[in-house]
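Note: the block below is protein_26.tsv and it holds TSV, C-alpha atoms.
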chain	number	residue	atom	x	y	z
A	1	MET	CA	-54.57	-44.57	-6.70
A	2	PHE	CA	-51.65	-45.31	-4.42
A	3	GLY	CA	-49.83	-47.92	-6.49
A	4	THR	CA	-48.16	-51.04	-5.06
A	5	LEU	CA	-44.67	-52.44	-4.72
A	6	THR	CA	-43.99	-56.18	-4.77
A	7	PHE	CA	-40.84	-57.07	-2.78
A	8	VAL	CA	-39.51	-60.67	-3.08
A	9	ALA	CA	-36.74	-62.22	-0.96
A	10	SER	CA	-35.50	-65.62	-1.94
A	11	CYS	CA	-33.62	-66.52	1.22
A	12	PRO	CA	-34.84	-65.72	4.77
A	13	ALA	CA	-31.34	-66.38	6.07
A	14	ASN	CA	-30.04	-63.36	4.22
A	15	PRO	CA	-28.98	-60.77	6.89
A	16	VAL	CA	-30.30	-57.90	4.81
A	17	PHE	CA	-33.61	-59.66	4.50
A	18	GLY	CA	-33.67	-60.24	8.25
A	19	THR	CA	-33.15	-56.59	8.91
A	20	ILE	CA	-35.92	-55.63	6.47
A	21	VAL	CA	-38.48	-57.97	7.93
A	22	SER	CA	-37.55	-56.95	11.47
A	23	VAL	CA	-38.05	-53.30	10.66
A	24	LEU	CA	-41.30	-53.96	8.81
A	25	GLY	CA	-42.58	-56.30	11.52
A	26	VAL	CA	-43.14	-59.39	9.34
A	27	PRO	CA	-44.48	-62.37	11.42
A	28	ASN	CA	-42.10	-65.22	12.29
A	29	TRP	CA	-44.08	-67.79	10.32
A	30	CYS	CA	-43.47	-65.70	7.23
A	31	GLN	CA	-39.72	-65.47	7.90
A	32	ARG	CA	-39.43	-69.29	8.15
A	33	ARG	CA	-40.67	-69.86	4.66
A	34	SER	CA	-38.06	-70.59	1.98
A	35	CYS	CA	-39.55	-67.94	-0.23
A	36	LEU	CA	-41.57	-64.94	0.79
A	37	LEU	CA	-43.82	-62.74	-1.18
A	38	LEU	CA	-44.32	-59.52	0.71
A	39	PRO	CA	-47.83	-58.28	0.71
A	40	MET	CA	-48.83	-55.44	-1.45
A	41	ILE	CA	-47.80	-52.33	0.39
A	42	SER	CA	-48.56	-48.73	-0.39
A	43	TYR	CA	-45.41	-46.96	-1.54
A	44	ARG	CA	-46.37	-44.12	0.81
A	45	PHE	CA	-45.67	-46.44	3.70
A	46	PHE	CA	-42.89	-48.64	2.46
A	47	LEU	CA	-40.75	-46.31	0.31
A	48	PRO	CA	-39.68	-43.87	3.09
A	49	LEU	CA	-38.74	-46.81	5.33
A	50	ALA	CA	-36.77	-48.45	2.53
A	51	CYS	CA	-34.87	-45.20	1.85
A	52	ARG	CA	-33.96	-44.80	5.52
A	53	LEU	CA	-32.90	-48.40	5.72
A	54	GLY	CA	-30.68	-47.99	2.65
A	55	VAL	CA	-28.88	-44.99	4.23
A	56	VAL	CA	-28.29	-46.90	7.47
A	57	LEU	CA	-26.91	-49.92	5.62
A	58	ALA	CA	-24.67	-47.74	3.42
A	59	LEU	CA	-23.24	-45.89	6.42
A	60	SER	CA	-22.73	-49.18	8.25
A	61	ALA	CA	-20.90	-50.67	5.30
A	62	GLY	CA	-18.75	-47.53	4.93
A	63	LEU	CA	-17.73	-47.55	8.58
A	64	SER	CA	-16.87	-51.23	8.41
A	65	THR	CA	-14.69	-50.61	5.36
A	66	ALA	CA	-12.96	-47.63	7.04
A	67	ARG	CA	-12.21	-49.73	10.14
A	68	ALA	CA	-10.74	-52.45	7.97
A	69	GLN	CA	-8.54	-49.94	6.12
A	70	THR	CA	-7.24	-48.18	9.23
A	71	THR	CA	-6.28	-51.50	10.83
A	72	ASP	CA	-4.16	-52.41	7.80
A	73	SER	CA	-0.95	-50.50	8.53
A	74	THR	CA	0.66	-51.78	5.34
A	75	LYS	CA	-1.83	-49.96	3.15
A	76	VAL	CA	-2.53	-46.64	4.97
A	77	THR	CA	0.13	-43.98	5.64
A	78	ALA	CA	-0.55	-41.31	8.27
A	79	PRO	CA	-0.45	-37.79	6.71
A	80	LEU	CA	2.53	-35.63	7.63
A	81	PRO	CA	1.81	-32.36	9.46
A	82	ALA	CA	1.83	-29.23	7.28
A	83	ASP	CA	4.47	-27.67	9.53
A	84	ASN	CA	6.88	-30.11	11.11
A	85	ARG	CA	8.56	-27.46	13.25
A	86	LYS	CA	8.41	-28.00	16.98
A	87	ALA	CA	5.88	-25.97	18.93
A	88	PRO	CA	7.50	-23.16	20.94
A	89	ALA	CA	8.38	-24.08	24.46
A	90	PRO	CA	6.01	-22.61	27.07
A	91	GLU	CA	7.25	-19.60	28.99
A	92	LEU	CA	6.38	-18.36	32.44
A	93	PRO	CA	5.01	-14.80	32.75
A	94	LEU	CA	7.99	-13.41	34.68
A	95	PRO	CA	9.30	-9.82	34.74
A	96	GLN	CA	12.35	-9.12	32.58
A	97	ALA	CA	15.68	-8.32	34.14
A	98	SER	CA	16.02	-5.50	31.57
A	99	PRO	CA	12.47	-4.28	30.94
A	100	ARG	CA	11.42	-2.52	27.79
A	101	ALA	CA	11.11	1.28	27.77
A	102	MET	CA	10.08	3.89	25.23
A	103	VAL	CA	10.42	7.66	25.14
A	104	LEU	CA	9.04	10.10	22.56
A	105	GLN	CA	9.80	13.77	22.07
A	106	THR	CA	8.50	16.18	19.46
A	107	ILE	CA	11.19	18.60	18.31
A	108	GLY	CA	9.65	21.29	16.16
A	109	LEU	CA	7.33	19.25	13.97
A	110	THR	CA	9.39	16.04	14.11
A	111	ASP	CA	8.66	13.08	16.39
A	112	VAL	CA	11.76	11.37	17.78
A	113	THR	CA	11.19	7.96	19.43
A	114	VAL	CA	13.60	5.70	21.31
A	115	ASP	CA	12.55	2.07	21.85
A	116	TYR	CA	14.98	0.18	24.09
A	117	HIS	CA	15.52	-2.21	27.01
A	118	THR	CA	17.00	-0.84	30.20
A	119	PRO	CA	19.67	-2.90	32.01
A	120	SER	CA	20.76	-2.24	35.59
A	121	VAL	CA	24.23	-1.82	37.07
A	122	ARG	CA	23.65	-4.29	39.95
A	123	GLY	CA	27.08	-3.65	41.41
A	124	ARG	CA	28.94	-4.50	38.20
A	125	ALA	CA	31.80	-2.56	36.58
A	126	ILE	CA	30.25	-1.22	33.36
A	127	TRP	CA	32.61	0.72	31.12
A	128	GLY	CA	35.56	-1.25	29.88
A	129	GLN	CA	34.29	-4.51	31.42
A	130	LEU	CA	30.58	-5.34	31.04
A	131	VAL	CA	30.66	-2.99	28.02
A	132	PRO	CA	34.15	-3.65	26.63
A	133	TYR	CA	36.13	-0.94	24.90
A	134	GLY	CA	36.64	-1.44	21.19
A	135	GLN	CA	33.46	-3.49	20.69
A	136	ILE	CA	30.08	-2.53	19.23
A	137	TRP	CA	27.42	-2.24	21.95
A	138	ARG	CA	23.65	-2.35	21.42
A	139	ALA	CA	23.17	0.75	23.62
A	140	GLY	CA	20.70	-1.13	25.80
A	141	ALA	CA	19.76	-4.78	26.37
A	142	ASN	CA	17.99	-7.62	24.53
A	143	GLU	CA	16.78	-6.48	21.10
A	144	ASN	CA	18.31	-3.60	19.19
A	145	THR	CA	17.76	-0.08	20.46
A	146	ILE	CA	15.65	1.61	17.77
A	147	LEU	CA	15.66	5.34	16.95
A	148	THR	CA	12.81	6.63	14.80
A	149	PHE	CA	12.60	10.06	13.11
A	150	SER	CA	9.30	11.07	11.51
A	151	GLU	CA	11.05	13.73	9.41
A	152	PRO	CA	14.60	14.24	8.14
A	153	VAL	CA	16.93	15.50	10.89
A	154	ILE	CA	20.47	16.74	11.39
A	155	LEU	CA	22.46	14.79	14.00
A	156	ASN	CA	25.57	16.47	15.33
A	157	GLY	CA	25.72	18.48	12.10
A	158	GLN	CA	25.12	15.59	9.65
A	159	ALA	CA	21.90	15.01	7.69
A	160	VAL	CA	19.91	11.80	8.30
A	161	PRO	CA	16.77	10.80	6.35
A	162	ALA	CA	13.51	10.06	8.14
A	163	GLY	CA	13.04	6.43	9.19
A	164	LYS	CA	13.96	3.75	11.73
A	165	TYR	CA	17.54	2.90	12.69
A	166	SER	CA	19.35	0.56	15.04
A	167	PHE	CA	21.41	2.63	17.46
A	168	TYR	CA	24.83	1.32	18.45
A	169	VAL	CA	27.66	2.76	20.51
A	170	LEU	CA	31.34	1.99	20.02
A	171	PRO	CA	33.18	3.05	23.20
A	172	LYS	CA	36.88	3.12	22.41
A	173	SER	CA	37.99	4.59	25.74
A	174	ASP	CA	36.59	6.73	28.54
A	175	GLN	CA	36.61	9.81	26.32
A	176	ASP	CA	36.47	8.44	22.77
A	177	TRP	CA	33.13	7.02	21.56
A	178	GLU	CA	31.31	6.64	18.27
A	179	LEU	CA	27.54	6.80	17.88
A	180	ILE	CA	26.25	4.63	15.02
A	181	LEU	CA	22.94	4.51	13.15
A	182	ASN	CA	22.48	1.28	11.18
A	183	ARG	CA	19.72	0.68	8.62
A	184	VAL	CA	19.07	-2.96	9.67
A	185	ILE	CA	16.61	-3.01	12.56
A	186	ASN	CA	15.82	-6.71	13.02
A	187	HIS	CA	19.08	-7.91	14.57
A	188	TRP	CA	19.30	-9.31	18.08
A	189	GLY	CA	21.70	-6.86	19.62
A	190	THR	CA	24.92	-6.93	17.61
A	191	GLU	CA	24.41	-10.38	16.07
A	192	GLY	CA	24.69	-10.03	12.30
A	193	TYR	CA	25.83	-6.41	12.54
A	194	ASP	CA	27.34	-5.22	9.26
A	195	ALA	CA	29.15	-1.88	9.10
A	196	ARG	CA	28.25	-1.64	5.40
A	197	ALA	CA	24.65	-0.94	6.48
A	198	ASP	CA	25.67	2.02	8.67
A	199	GLN	CA	23.79	5.20	7.83
A	200	ILE	CA	26.11	7.40	9.84
A	201	ARG	CA	28.92	7.33	12.43
A	202	LEU	CA	29.36	10.27	14.75
A	203	PRO	CA	32.28	10.94	17.11
A	204	ALA	CA	31.19	11.70	20.68
A	205	VAL	CA	32.77	12.45	24.04
A	206	PRO	CA	30.86	11.13	27.09
A	207	GLU	CA	30.62	13.21	30.22
A	208	SER	CA	30.74	12.22	33.87
A	209	GLY	CA	27.52	12.69	35.77
A	210	PRO	CA	25.36	11.47	38.64
A	211	MET	CA	24.82	7.75	39.16
A	212	HIS	CA	22.08	6.05	37.11
A	213	GLU	CA	21.39	2.51	38.28
A	214	ASN	CA	19.20	1.89	35.23
A	215	LEU	CA	20.13	2.84	31.70
A	216	VAL	CA	17.89	5.68	30.57
A	217	TYR	CA	17.34	7.79	27.47
A	218	TRP	CA	16.09	11.33	28.03
A	219	PHE	CA	15.69	14.62	26.15
A	220	SER	CA	16.90	18.07	27.16
A	221	GLU	CA	17.31	21.63	25.87
A	222	ILE	CA	14.17	21.36	23.74
A	223	LYS	CA	13.62	24.35	21.43
A	224	PRO	CA	11.36	24.90	18.40
A	225	GLY	CA	13.98	23.54	16.02
A	226	ASN	CA	16.41	21.44	18.05
A	227	GLY	CA	17.02	19.43	21.20
A	228	ARG	CA	19.34	16.86	22.75
A	229	LEU	CA	18.92	13.11	23.15
A	230	ASN	CA	20.93	11.78	26.10
A	231	LEU	CA	21.98	8.25	27.06
A	232	SER	CA	22.89	7.87	30.75
A	233	TRP	CA	24.09	4.75	32.54
A	234	GLU	CA	26.22	4.35	35.62
A	235	LYS	CA	28.21	7.63	35.77
A	236	ARG	CA	28.45	8.32	32.03
A	237	THR	CA	26.21	10.41	29.78
A	238	VAL	CA	26.57	10.85	26.03
A	239	SER	CA	24.46	13.33	24.03
A	240	LEU	CA	23.23	13.61	20.47
A	241	LEU	CA	22.23	17.03	19.11
A	242	ILE	CA	19.08	16.78	16.97
A	243	GLU	CA	18.17	19.65	14.65
A	244	THR	CA	15.17	19.96	12.34
A	245	ASP	CA	14.33	22.37	9.54
A	246	VAL	CA	11.16	23.26	11.37
A	247	HIS	CA	10.79	26.78	10.01
A	248	ALA	CA	10.77	25.66	6.37
A	249	LYS	CA	8.10	23.08	7.10
A	250	ALA	CA	6.07	25.50	9.23
A	251	LEU	CA	6.24	28.15	6.54
A	252	ALA	CA	5.02	25.70	3.90
A	253	GLY	CA	2.07	24.85	6.14
A	254	ILE	CA	1.34	28.52	6.82
A	255	GLN	CA	1.22	29.35	3.13
A	256	GLN	CA	-1.07	26.40	2.43
A	257	VAL	CA	-3.55	27.37	5.15
A	258	LEU	CA	-3.55	31.06	4.26
A	259	ALA	CA	-4.13	30.29	0.59
A	260	ALA	CA	-7.32	28.49	1.62
A	261	ASN	CA	-8.34	31.25	4.10
A	262	PRO	CA	-7.13	34.57	2.65
A	263	GLU	CA	-9.70	36.68	4.54
A	264	ASN	CA	-9.02	35.34	8.04
A	265	TRP	CA	-7.33	38.17	9.91
A	266	GLN	CA	-6.55	36.01	12.94
A	267	LEU	CA	-4.65	33.40	10.90
A	268	LEU	CA	-2.70	36.17	9.20
A	269	ALA	CA	-1.83	37.62	12.62
A	270	GLN	CA	-0.74	34.21	13.93
A	271	ALA	CA	1.49	33.69	10.91
A	272	ALA	CA	3.13	37.09	11.40
A	273	ASP	CA	3.54	36.43	15.13
A	274	TYR	CA	5.35	33.14	14.45
A	275	LEU	CA	7.80	34.86	12.10
A	276	VAL	CA	8.38	37.72	14.57
A	277	GLN	CA	8.96	35.35	17.51
A	278	ASN	CA	11.57	33.39	15.58
A	279	ASN	CA	13.10	36.50	13.96
A	280	ILE	CA	12.77	35.14	10.42
A	281	GLN	CA	11.21	36.41	7.19
A	282	ALA	CA	10.64	39.97	8.46
A	283	GLU	CA	9.29	41.26	5.15
A	284	LEU	CA	6.83	38.37	4.84
A	285	ALA	CA	5.74	39.01	8.44
A	286	LEU	CA	5.11	42.66	7.57
A	287	GLN	CA	2.99	41.59	4.59
A	288	TYR	CA	0.91	39.26	6.73
A	289	ILE	CA	0.34	41.74	9.57
A	290	ASN	CA	-0.58	44.61	7.26
A	291	GLU	CA	-3.18	42.41	5.56
A	292	SER	CA	-4.51	41.34	8.97
A	293	LEU	CA	-4.88	44.97	10.07
A	294	ARG	CA	-6.62	45.85	6.82
A	295	LEU	CA	-9.25	43.18	7.48
A	296	LYS	CA	-9.72	44.02	11.18
A	297	GLU	CA	-7.83	46.23	13.60
A	298	ALA	CA	-7.58	44.64	17.05
A	299	TYR	CA	-5.18	45.12	19.92
A	300	THR	CA	-3.62	41.70	19.25
A	301	ASN	CA	-2.53	42.28	15.66
A	302	THR	CA	-1.69	45.92	16.39
A	303	TRP	CA	0.71	44.79	19.14
A	304	ILE	CA	2.28	42.27	16.74
A	305	LYS	CA	2.91	45.11	14.30
A	306	ALA	CA	4.54	47.12	17.11
A	307	ARG	CA	6.87	44.21	18.00
A	308	LEU	CA	7.75	43.65	14.36
A	309	MET	CA	8.78	47.29	13.93
A	310	ALA	CA	10.85	47.13	17.12
A	311	SER	CA	12.65	44.04	15.75
A	312	LYS	CA	13.54	46.15	12.72
A	313	GLN	CA	14.84	48.80	15.17
A	314	ASP	CA	12.16	51.25	14.01
A	315	TYR	CA	11.30	52.13	17.61
A	316	GLY	CA	9.40	55.29	16.73
A	317	THR	CA	6.86	53.38	14.66
A	318	ALA	CA	6.82	50.61	17.28
A	319	ILE	CA	5.83	53.11	19.97
A	320	VAL	CA	2.97	54.46	17.84
A	321	TYR	CA	1.50	50.97	17.30
A	322	GLY	CA	2.21	50.00	20.91
A	323	ARG	CA	0.18	52.91	22.28
A	324	ARG	CA	-2.58	52.14	19.80
A	325	ALA	CA	-2.67	48.51	20.97
A	326	LEU	CA	-3.03	49.62	24.63
A	327	LYS	CA	-6.04	51.79	23.80
A	328	LEU	CA	-7.72	49.06	21.76
A	329	GLY	CA	-7.12	46.48	24.49
A	330	GLU	CA	-8.75	48.63	27.17
A	331	LYS	CA	-11.88	48.92	25.00
A	332	GLU	CA	-12.11	45.41	23.56
A	333	ASP	CA	-11.02	42.74	26.00
A	334	PRO	CA	-12.00	42.40	29.68
A	335	ASN	CA	-8.97	40.12	30.21
A	336	PHE	CA	-6.60	42.71	28.80
A	337	LYS	CA	-5.55	43.85	32.29
A	338	GLN	CA	-3.48	40.68	32.68
A	339	GLN	CA	-1.29	41.62	29.71
A	340	GLN	CA	-1.25	45.35	30.13
A	341	PRO	CA	1.63	45.59	32.68
A	342	ASN	CA	4.09	43.67	30.48
A	343	MET	CA	3.08	45.69	27.44
A	344	ARG	CA	3.72	48.95	29.28
A	345	ILE	CA	7.16	47.73	30.42
A	346	THR	CA	8.07	46.83	26.82
A	347	LEU	CA	6.79	50.17	25.57
A	348	THR	CA	8.99	51.96	28.12
A	349	GLU	CA	12.04	50.02	26.88
A	350	TRP	CA	11.30	51.06	23.32
A	351	GLN	CA	10.99	54.68	24.38
A	352	SER	CA	14.40	54.56	26.06
A	353	LYS	CA	15.92	53.27	22.81
A	354	ALA	CA	14.06	55.72	20.58
A	355	TYR	CA	15.03	58.94	22.38

Represent the structure of the file as structure tokens.
Amino acid sequence: MFGTLTFVASCPANPVFGTIVSVLGVPNWCQRRSCLLLPMISYRFFLPLACRLGVVLALSAGLSTARAQTTDSTKVTAPLPADNRKAPAPELPLPQASPRAMVLQTIGLTDVTVDYHTPSVRGRAIWGQLVPYGQIWRAGANENTILTFSEPVILNGQAVPAGKYSFYVLPKSDQDWELILNRVINHWGTEGYDARADQIRLPAVPESGPMHENLVYWFSEIKPGNGRLNLSWEKRTVSLLIETDVHAKALAGIQQVLAANPENWQLLAQAADYLVQNNIQAELALQYINESLRLKEAYTNTWIKARLMASKQDYGTAIVYGRRALKLGEKEDPNFKQQQPNMRITLTEWQSKAY
């Protein structure tokens, strides 16, 4: 039923045999015999032990071979590392002398970002010495100063595509500078600078101003379609006029939204109000506001119609719609009282021009 396995060892001095009989617990008097016939053993008992013993012996033999190979230096060659470059030297977490700074300004619908490092004066003479005349300057410290425009812009009257640019300054004298945008943005300062990659060079005249210990970029004179980017350090400030074609982009967005919502009187009124505020596309504004009033007459869109007519110098019609807007506001909106005084003042001005 169980079957038997006859195991014969011809030499008790054999080390493998000694291990087998030790594991199986064969008596000493059996081991001393020159030949040994193992008793009939059920394979259910012996076979698992034999398998385990074979694995142990194989692993032992493999390890012995590996040790022998590794000790023979003439036969084994240590593998070379995949990357033989030296590991970077460790650095201490210390503050930078010229820390990084970033400033972002939206002009119209365009995001303008300046990413730079800000050096300090620290009692040094800057212009003409630390920043020599006649040499390209990184307009900051450490890495390149990077200007990013999310949309095409006009800089000091010249068109520049959207994108990222290294910003350099070439101060030739106290009053004669050039502002440079370069298309390569991965230089370290001016190392590797190539004028052939310049996108644009703009003449500029710096102005004297209050002391700035730290170099700083800042924006000023922000309007819907333009603004100024200023670089100030020590007692010098240089400015860059940034203009965007915001109205064309806004108008394209207006038309897209209105095409999807042709019956929304509030969106039509907002579109007309934008055109009236910026004094553009008067006829299109009139089309939008008339359609808004057709869908719903409210004091808000009625007042927009009054302002539009006044911008066309049709003060008589403006007065009619202005008075109508005042009556509607008194009936419709409990918060109307906050706007009513200014509306009455404007209406009085129109009356003085009409008569």

| message | Can you pull out the residues contacting Ser239 in chain A? Cut-off 9 Å, using all atoms listed in the file, and skip same-chain residues under 5 positions away; I want them as a ChimeraX atom specification. | response | /A:204-207,228-232

Kindly save the residues from that selection, with C-alpha atoms included, as a tab-separated table (two decimals), in the coordinates of the input.
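Dumped everything to selection_11.tsv:
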chain	number	residue	atom	x	y	z
A	204	ALA	CA	31.19	11.70	20.68
A	205	VAL	CA	32.77	12.45	24.04
A	206	PRO	CA	30.86	11.13	27.09
A	207	GLU	CA	30.62	13.21	30.22
A	228	ARG	CA	19.34	16.86	22.75
A	229	LEU	CA	18.92	13.11	23.15
A	230	ASN	CA	20.93	11.78	26.10
A	231	LEU	CA	21.98	8.25	27.06
A	232	SER	CA	22.89	7.87	30.75

| Which residue gives the smallest distance to Glu332 in chain A among A:Trp177, A:Ala298, A:Phe149, A:Lys223, with all atoms listed in the file counted? |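 Among the listed residues, the smallest separation from Glu332 in chain A belongs to A:Ala298.
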
| message | Using only C-alpha atoms - which residues lie no farther than 10 Å from the point (24.6, 0.4, 8.6) in the file's frame? Write them as a list in words. | response |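 All residues meeting the 10 Å criterion around (24.6, 0.4, 8.6) are Tyr165, Ser166, Phe167, Tyr168, Ile180, Leu181, Asn182, Arg183, Val184, Ile185, Tyr193, Asp194, Ala195, Arg196, Ala197, Asp198, Gln199, Ile200 and Arg201 of chain A.
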
| query | Smallest atom-to-atom distance to Gln266 in chain A: which of A:Thr302, A:Thr237, A:Asn279, A:Thr148, using all atoms listed in the file? | reply |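 Ranking A:Thr302, A:Thr237, A:Asn279, A:Thr148 by distance to Gln266 in chain A, first place goes to A:Thr302.
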
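Between CA of Leu251 in chain A and CA of Ser311 in chain A the separation is 19.5 Å.
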
Fewer than 6 positions away in the same chain doesn't count, so skip those; otherwise give me all residues within 12 Å of range 341-353 of chain A, counting only C-alpha atoms, as a JSON list (two decimals) with C-alpha atoms, keeping the file's coordinate frame.
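Ended up saving to around23.json:
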[["chain", "number", "residue", "atom", "x", "y", "z"],
["A", 299, "TYR", "CA", -5.18, 45.12, 19.92],
["A", 300, "THR", "CA", -3.62, 41.70, 19.25],
["A", 303, "TRP", "CA", 0.71, 44.79, 19.14],
["A", 304, "ILE", "CA", 2.28, 42.27, 16.74],
["A", 306, "ALA", "CA", 4.54, 47.12, 17.11],
["A", 307, "ARG", "CA", 6.87, 44.21, 18.00],
["A", 309, "MET", "CA", 8.78, 47.29, 13.93],
["A", 310, "ALA", "CA", 10.85, 47.13, 17.12],
["A", 311, "SER", "CA", 12.65, 44.04, 15.75],
["A", 312, "LYS", "CA", 13.54, 46.15, 12.72],
["A", 313, "GLN", "CA", 14.84, 48.80, 15.17],
["A", 314, "ASP", "CA", 12.16, 51.25, 14.01],
["A", 315, "TYR", "CA", 11.30, 52.13, 17.61],
["A", 316, "GLY", "CA", 9.40, 55.29, 16.73],
["A", 317, "THR", "CA", 6.86, 53.38, 14.66],
["A", 318, "ALA", "CA", 6.82, 50.61, 17.28],
["A", 319, "ILE", "CA", 5.83, 53.11, 19.97],
["A", 320, "VAL", "CA", 2.97, 54.46, 17.84],
["A", 321, "TYR", "CA", 1.50, 50.97, 17.30],
["A", 322, "GLY", "CA", 2.21, 50.00, 20.91],
["A", 323, "ARG", "CA", 0.18, 52.91, 22.28],
["A", 324, "ARG", "CA", -2.58, 52.14, 19.80],
["A", 325, "ALA", "CA", -2.67, 48.51, 20.97],
["A", 326, "LEU", "CA", -3.03, 49.62, 24.63],
["A", 327, "LYS", "CA", -6.04, 51.79, 23.80],
["A", 329, "GLY", "CA", -7.12, 46.48, 24.49]]
